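A short write-up of the structure that comes next.
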Amino acid sequence: MINFKLCNNGQPVVGTREDGVIVSYTIEAPEYKQWLLDGGMPEPEFTALEISKDTAIQKVQIALSFLSSTDWVEAYLIKHYLGIELLDQASSKFALEQQRKDAKLLILQG
């Protein structure tokens, strides 16, 4: 008995035989078609856990890129908090600071 898993958007399918040998067929292969006729149901290419992990990794990468591209705001905020160069509280730099905090939190949770 072979258990098949879809791959490469469903082309081809790969399976593991009972003896542990990995086999690969196209979805047009007679062996695969017979397996489907016998009631076989292939596993999806990616599990929900794999998709979830990949999504989390992508979010962290985006957050890291955002932090890298906005690190210039730190100098303005340090000057403000030290009283050297005060910023208007409505300044976009404060909104950017909150977005940076959110990005850092996402990275810590990811």
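Going by the structure tokens order, chains are called A, B, ..., each with residues numbered from 1, while ligands are numbered from 1 in the order shown.
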Filtered DSSP result for chain A, state strand (DSSP E or B), as a list in words: Asn3, Phe4, Lys5, Leu6, Val13, Val14, Gly15, Thr16, Ile22, Val23, Ser24, Tyr25 and Glu43 of chain A
Those of range 10-103 of chain A in DSSP helix (DSSP H, G or I), formatted as a PyMOL selection string: chain A and resi 30-37+48-69+73-81+92-103
At a cut-off of 12 Å, using only C-alpha atoms, what residues contact range 89-102 of chain A? Leave out same-chain residues fewer than 6 positions from it and give the result as a PDB file with C-alpha atoms, in the first residue's frame.
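Dumped everything to part.pdb:
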```pdb
ATOM      1  CA  LYS A  59       5.587  38.100   8.614  1.00  0.00           C
ATOM      2  CA  VAL A  60       8.818  38.206  10.620  1.00  0.00           C
ATOM      3  CA  ILE A  62       8.513  41.765   6.551  1.00  0.00           C
ATOM      4  CA  ALA A  63       8.774  43.178  10.086  1.00  0.00           C
ATOM      5  CA  LEU A  64      12.581  42.974  10.006  1.00  0.00           C
ATOM      6  CA  SER A  65      12.646  44.752   6.667  1.00  0.00           C
ATOM      7  CA  PHE A  66      10.313  47.456   7.988  1.00  0.00           C
ATOM      8  CA  LEU A  67      12.484  48.011  11.061  1.00  0.00           C
ATOM      9  CA  SER A  68      15.588  48.219   8.924  1.00  0.00           C
ATOM     10  CA  SER A  69      14.027  50.774   6.593  1.00  0.00           C
ATOM     11  CA  THR A  70      12.719  52.959   9.432  1.00  0.00           C
ATOM     12  CA  ASP A  71      15.595  52.874  11.898  1.00  0.00           C
ATOM     13  CA  TRP A  72      16.329  56.538  11.051  1.00  0.00           C
ATOM     14  CA  VAL A  73      13.377  57.599  13.226  1.00  0.00           C
ATOM     15  CA  GLU A  74      15.185  56.472  16.385  1.00  0.00           C
ATOM     16  CA  ALA A  75      17.582  59.442  16.257  1.00  0.00           C
ATOM     17  CA  TYR A  76      14.676  61.914  16.142  1.00  0.00           C
ATOM     18  CA  LEU A  77      12.876  60.231  19.009  1.00  0.00           C
ATOM     19  CA  ILE A  78      15.988  60.046  21.198  1.00  0.00           C
ATOM     20  CA  HIS A  80      12.850  64.379  21.602  1.00  0.00           C
ATOM     21  CA  TYR A  81      12.903  62.247  24.742  1.00  0.00           C
ATOM     22  CA  LEU A 108       9.309  38.355  19.509  1.00  0.00           C
ATOM     23  CA  GLN A 109       6.104  36.348  19.178  1.00  0.00           C
TER      24      GLN A 109
END
```
Pick from A:Gln61, A:Glu45, A:Lys53, A:Lys33 nearest to Ala103 in chain A, counting only C-alpha atoms: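 Counting only C-alpha atoms, the residue closest to Ala103 in chain A is A:Gln61.
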